[in-house]
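Peer 1: What follows is a single structure, and I will ask about it in a moment.
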Amino acid sequence: MVDWSPEAREFYRNNPTANLLNEKYWFRDGLSYNGISNRGFSVRRVGKNIYDKGGPTIHPKKNWEYILGLLNSKVVDEIMNLYNPTLNYQVQDVKDIPIVFGDNELISKVERLTLENIDISKQDWDSYEYSFDFKKHPLLNDNIFDEHISKSVRNLIEFSKQQFIKLKYNEEQLNQIFIELYGFQNELTNVVDEKDVTISIFDEEVSVKTFISYAVGCMFGRYSLDVEGIVYAGGQFDPEKYKTYNVDKDNIIPIIAGSYFEDDIVSQFIDFVKVNFGEKNLIENMEYIAGILGKKNGETSDEALKRYFLNDFFKDHKQIFRNRPIYWLFTSGKQKAFNCLIYMHRYDKSTLSRIRTDYLHPLQMRLDAERKSLLEVIEGGGTAKEISNAKKELKQLDLKIEELKVYDELLHHMADMQIEIDLDDGVAVNYAKFNGLLAKLD
């Protein structure tokens with residue numbers, strides 16, 4: 001956290017201990033590198049920002065594309081190893097890198113290859129939700145989309161492979177240019193190891209799971225099929241921005257093992273697939289998704305999806321957002337009798353009360369009714385097999401009912417507290433306010 005108030009700025013400007021970057025370099029484009037790296041010397045273009053010695057930045061007056069291509073070549077990596085064979089890259093070592101320009105034709109070729117590499121890398125980065133410039137899931141892009149999800153996934157995989165190959169080829173072309181320009185033919189090869197190509201290749205599992213994550217984002221209103229990018233992350237919520245696919249009205253999406261709620265997460269996801277890929281191929285598309293998620297023998301696609309949402313979705317979500325989840329999983333405990341997701345940016349102090357009255361209590365009544373039916377089978381003279389099965393079900397049901405009773409008491413207590421959150425405090429601080437109600441972070 002940095003105090004950026006007017007008083008603090010004045011202190012930074014006039015106190016030599018502040019060690020603040022000279023104001024003339026603020027918010028300028030440049031080429032930045034890590035001061036410390038165990039993966040070799042590499043440079044990236046950065047937008048208008050403020051930086052420090054941890055990520056020093058170069059501000060070329062011209063030909064930044066050429067210089068960026070050069071600085072990411074094997075030639076400069078070798079030069080930096082000669083200057084300083086440690087993990088630290090000193091500013092003076094970077095200043096001492098000899099810049100050799102070829103003729104205009106060569107400069108143009110280097111700049112074209114460099115810009116292509118930037119574009120490929122940015123497209124890859126922006127395909128994932130953690131990018132600030134994420135617009136929509138790539139399965140829905142015009143060059144990828146097909147009404148059969150399996151075909152869309154194959155298209156995405158093939159496209160990402162071609163991008164990977166193109167980036168590797170371009171980097172090898174740049175290496176060859178600078179190896180010849182600097183006379184390193186006998187010392188270096190232009191070949192780039194595949195593990196050093198810094199973009200990813202989609203596979204079926206990643207394609208499907210990231211699509212599910214995007215779907216949940218649309219359910220909560222973080223994203224919309226009508227507007228690209230993040231639509232809501234705080235402030236005034238506008239339901240009118242969600243025409244093609246309706247946003248969840250109460251910001252509470254139940255994940256329950258049985259079929260107790262019409263608006264549970266599986267039902268909403270099926271609707272999302274139908275809206276995007278049509279009703280004609282809905283069964284085929286759902287079977288494909290369930291298969292990628294590990295559908296078991298005897299399971300329906302709905303059951304496989306529900307099992308994924310119950311057991312694995314939140315784990316995957318935490319991984320995407322670096323253990324700072326924005327969709328919070330309220331869960332009753334080991335039996336997973338009650339679970340629901342909310343979007344933290346749409347939370348308000350009435351959310352806990354609505355979870356309790358609109359979802360938890362109706363579920364408790366349904367389970368009590370099921371318990372009564374099982375007792376009737378046991379006490380009403382059913383067959384031996386029916387009675388045996390009913391006793392097993394009753395044992396599991398009693399565990400869930402007891403778990404819900406304990407959870408309801410805690411939820412009631414915390415709902416009465418009318419807990420408010422401040423998004424500026426971040427996930428960790430706000431998440432901790434609901435200890436005992438939420439799935440644990442790692």
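Chain labels run A, B, ... following the order of the structure tokens; each chain numbers its residues from 1, and ligands are numbered from 1 in the order shown.
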Pick out each residue of region 76-298 of chain A that DSSP on the backbone tags as alpha helix (DSSP H); I need them as a PyMOL selection string.

Peer 2: chain A and resi 76-83+91-95+104-125+149-182+204-220+265-277+282-292

Peer 1: Within 12 Å of region 16-25 of chain A, counting only C-alpha atoms, which residues qualify if same-chain residues fewer than 6 places away don't, as an mmCIF file with C-alpha atoms, in the first residue's frame?

Peer 2:
data_model
loop_
_atom_site.group_PDB
_atom_site.id
_atom_site.type_symbol
_atom_site.label_atom_id
_atom_site.label_comp_id
_atom_site.auth_asym_id
_atom_site.auth_seq_id
_atom_site.Cartn_x
_atom_site.Cartn_y
_atom_site.Cartn_z
ATOM 1 C CA VAL A 2 1.344 3.432 -0.939
ATOM 2 C CA ASP A 3 0.101 6.680 0.581
ATOM 3 C CA TRP A 4 -0.502 8.832 -2.488
ATOM 4 C CA ALA A 8 2.605 12.278 0.932
ATOM 5 C CA ARG A 9 3.517 13.368 -2.591
ATOM 6 C CA GLU A 10 5.050 16.531 -1.224
ATOM 7 C CA LYS A 48 2.338 4.032 -18.921
ATOM 8 C CA ASN A 49 3.358 3.182 -15.372
ATOM 9 C CA ILE A 50 5.589 3.952 -12.408
ATOM 10 C CA TYR A 51 8.375 1.516 -11.587
ATOM 11 C CA ASP A 52 11.387 0.986 -9.341
ATOM 12 C CA LYS A 53 14.644 -0.942 -9.266
ATOM 13 C CA PRO A 56 13.900 -1.114 -14.269
ATOM 14 C CA THR A 57 12.573 0.431 -17.469
ATOM 15 C CA ILE A 58 14.298 1.698 -20.605
ATOM 16 C CA HIS A 59 12.759 4.560 -22.598
#

Peer 1: Just checking: using only C-alpha atoms, which residue out of A:Thr383, A:Asn15, A:Thr351, A:Asn311 ends up closest to Ala439 (chain A)?

Peer 2: A:Asn311

Peer 1: I'd like the neighbourhood of region 31-47 of chain A as a PyMOL selection string, where a residue qualifies if any of its atoms comes within 10 Å (using only C-alpha atoms), though same-chain residues fewer than 4 positions away should be ignored.

Peer 2: chain A and resi 27+51-60+64-65+67-74+76-81+85-91+94+118+196

Peer 1: How would the residues just chosen look if you wrote them out with N, CA and C atoms as a short mmCIF file (atom, residue, chain, number, x, y, z; two decimals), in the first residue's frame?

Peer 2:
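Produced file selection.cif, reproduced below:
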data_model
loop_
_atom_site.label_atom_id
_atom_site.label_comp_id
_atom_site.auth_asym_id
_atom_site.auth_seq_id
_atom_site.Cartn_x
_atom_site.Cartn_y
_atom_site.Cartn_z
N PHE A 27 4.67 7.54 -15.82
CA PHE A 27 3.64 7.25 -16.82
C PHE A 27 4.16 7.37 -18.26
N TYR A 51 7.61 2.72 -11.86
CA TYR A 51 8.38 1.52 -11.59
C TYR A 51 9.52 1.83 -10.63
N ASP A 52 10.23 0.78 -10.21
CA ASP A 52 11.39 0.99 -9.34
C ASP A 52 12.49 0.03 -9.76
N LYS A 53 13.47 -0.15 -8.90
CA LYS A 53 14.64 -0.94 -9.27
C LYS A 53 14.34 -2.42 -9.42
N GLY A 54 13.18 -2.87 -8.91
CA GLY A 54 12.80 -4.27 -9.09
C GLY A 54 12.43 -4.58 -10.53
N GLY A 55 11.98 -3.57 -11.25
CA GLY A 55 11.64 -3.73 -12.66
C GLY A 55 12.08 -2.50 -13.43
N PRO A 56 13.39 -2.30 -13.57
CA PRO A 56 13.90 -1.11 -14.27
C PRO A 56 13.32 -1.02 -15.68
N THR A 57 13.20 0.21 -16.17
CA THR A 57 12.57 0.43 -17.47
C THR A 57 13.44 1.34 -18.34
N ILE A 58 13.54 0.95 -19.60
CA ILE A 58 14.30 1.70 -20.60
C ILE A 58 13.29 2.49 -21.44
N HIS A 59 13.63 3.72 -21.78
CA HIS A 59 12.76 4.56 -22.60
C HIS A 59 13.47 4.93 -23.90
N PRO A 60 13.43 4.06 -24.91
CA PRO A 60 14.09 4.38 -26.18
C PRO A 60 13.43 5.58 -26.85
N TRP A 64 12.01 1.44 -30.80
CA TRP A 64 11.83 0.59 -29.63
C TRP A 64 11.53 -0.86 -30.03
N GLU A 65 10.86 -1.06 -31.17
CA GLU A 65 10.55 -2.42 -31.61
C GLU A 65 11.83 -3.19 -31.93
N ILE A 67 14.87 -2.51 -30.76
CA ILE A 67 15.62 -2.72 -29.52
C ILE A 67 14.99 -3.84 -28.69
N LEU A 68 13.67 -3.90 -28.65
CA LEU A 68 13.00 -4.98 -27.91
C LEU A 68 13.32 -6.34 -28.51
N GLY A 69 13.31 -6.43 -29.85
CA GLY A 69 13.67 -7.69 -30.50
C GLY A 69 15.09 -8.11 -30.18
N LEU A 70 15.99 -7.15 -30.18
CA LEU A 70 17.40 -7.42 -29.87
C LEU A 70 17.57 -7.88 -28.42
N LEU A 71 16.96 -7.15 -27.49
CA LEU A 71 17.16 -7.44 -26.07
C LEU A 71 16.60 -8.81 -25.67
N ASN A 72 15.65 -9.35 -26.44
CA ASN A 72 15.10 -10.68 -26.16
C ASN A 72 15.78 -11.79 -26.96
N SER A 73 16.85 -11.46 -27.63
CA SER A 73 17.55 -12.46 -28.45
C SER A 73 18.58 -13.24 -27.63
N LYS A 74 19.02 -14.35 -28.19
CA LYS A 74 20.07 -15.15 -27.55
C LYS A 74 21.38 -14.38 -27.47
N VAL A 76 21.93 -11.13 -26.83
CA VAL A 76 21.99 -10.27 -25.64
C VAL A 76 22.00 -11.11 -24.37
N ASP A 77 21.28 -12.23 -24.37
CA ASP A 77 21.32 -13.10 -23.20
C ASP A 77 22.73 -13.59 -22.95
N GLU A 78 23.46 -13.93 -24.02
CA GLU A 78 24.86 -14.36 -23.89
C GLU A 78 25.74 -13.22 -23.41
N ILE A 79 25.52 -12.02 -23.95
CA ILE A 79 26.30 -10.86 -23.52
C ILE A 79 26.08 -10.58 -22.03
N MET A 80 24.84 -10.67 -21.59
CA MET A 80 24.55 -10.41 -20.17
C MET A 80 25.19 -11.47 -19.27
N ASN A 81 25.25 -12.71 -19.75
CA ASN A 81 25.93 -13.76 -18.97
C ASN A 81 27.43 -13.48 -18.86
N PRO A 85 27.46 -13.21 -14.59
CA PRO A 85 26.90 -14.57 -14.60
C PRO A 85 26.12 -14.92 -13.32
N THR A 86 25.39 -13.95 -12.75
CA THR A 86 24.59 -14.19 -11.55
C THR A 86 23.11 -14.02 -11.92
N LEU A 87 22.26 -14.09 -10.91
CA LEU A 87 20.83 -13.90 -11.15
C LEU A 87 20.46 -12.43 -11.20
N ASN A 88 21.40 -11.54 -10.86
CA ASN A 88 21.12 -10.11 -10.80
C ASN A 88 21.59 -9.42 -12.06
N TYR A 89 20.74 -8.56 -12.60
CA TYR A 89 21.10 -7.78 -13.78
C TYR A 89 21.26 -6.33 -13.37
N GLN A 90 22.50 -5.84 -13.40
CA GLN A 90 22.79 -4.49 -12.96
C GLN A 90 22.44 -3.49 -14.06
N VAL A 91 22.00 -2.30 -13.63
CA VAL A 91 21.63 -1.27 -14.58
C VAL A 91 22.80 -0.93 -15.50
N VAL A 94 23.18 -3.33 -18.36
CA VAL A 94 22.21 -3.09 -19.43
C VAL A 94 22.65 -1.90 -20.27
N ILE A 118 4.57 -9.58 -30.13
CA ILE A 118 3.79 -8.88 -29.11
C ILE A 118 2.31 -9.20 -29.28
N ASP A 196 10.79 -22.69 -23.59
CA ASP A 196 11.07 -21.27 -23.45
C ASP A 196 10.12 -20.40 -24.26
#

Peer 1: To one decimal in Å, tell me the separation between CA of Ile421 (chain A) and CA of Asp348 (chain A).

Peer 2: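 So the answer is 7.7 Å.
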
Peer 1: Excluding region 283-292 of chain A and residues on its chain fewer than 3 positions from it, collect all residues at most 7 Å away from it, counting only C-alpha atoms, and give them as JSON, numbers by chain.

Peer 2: {"A": [148, 149, 150, 204, 205, 208, 295, 301, 304, 305]}

Peer 1: Smallest atom-to-atom distance to Lys400 (chain A): which of A:Leu363, A:Leu293, A:Val273, A:Val216, using only C-alpha atoms?

Peer 2: A:Leu363
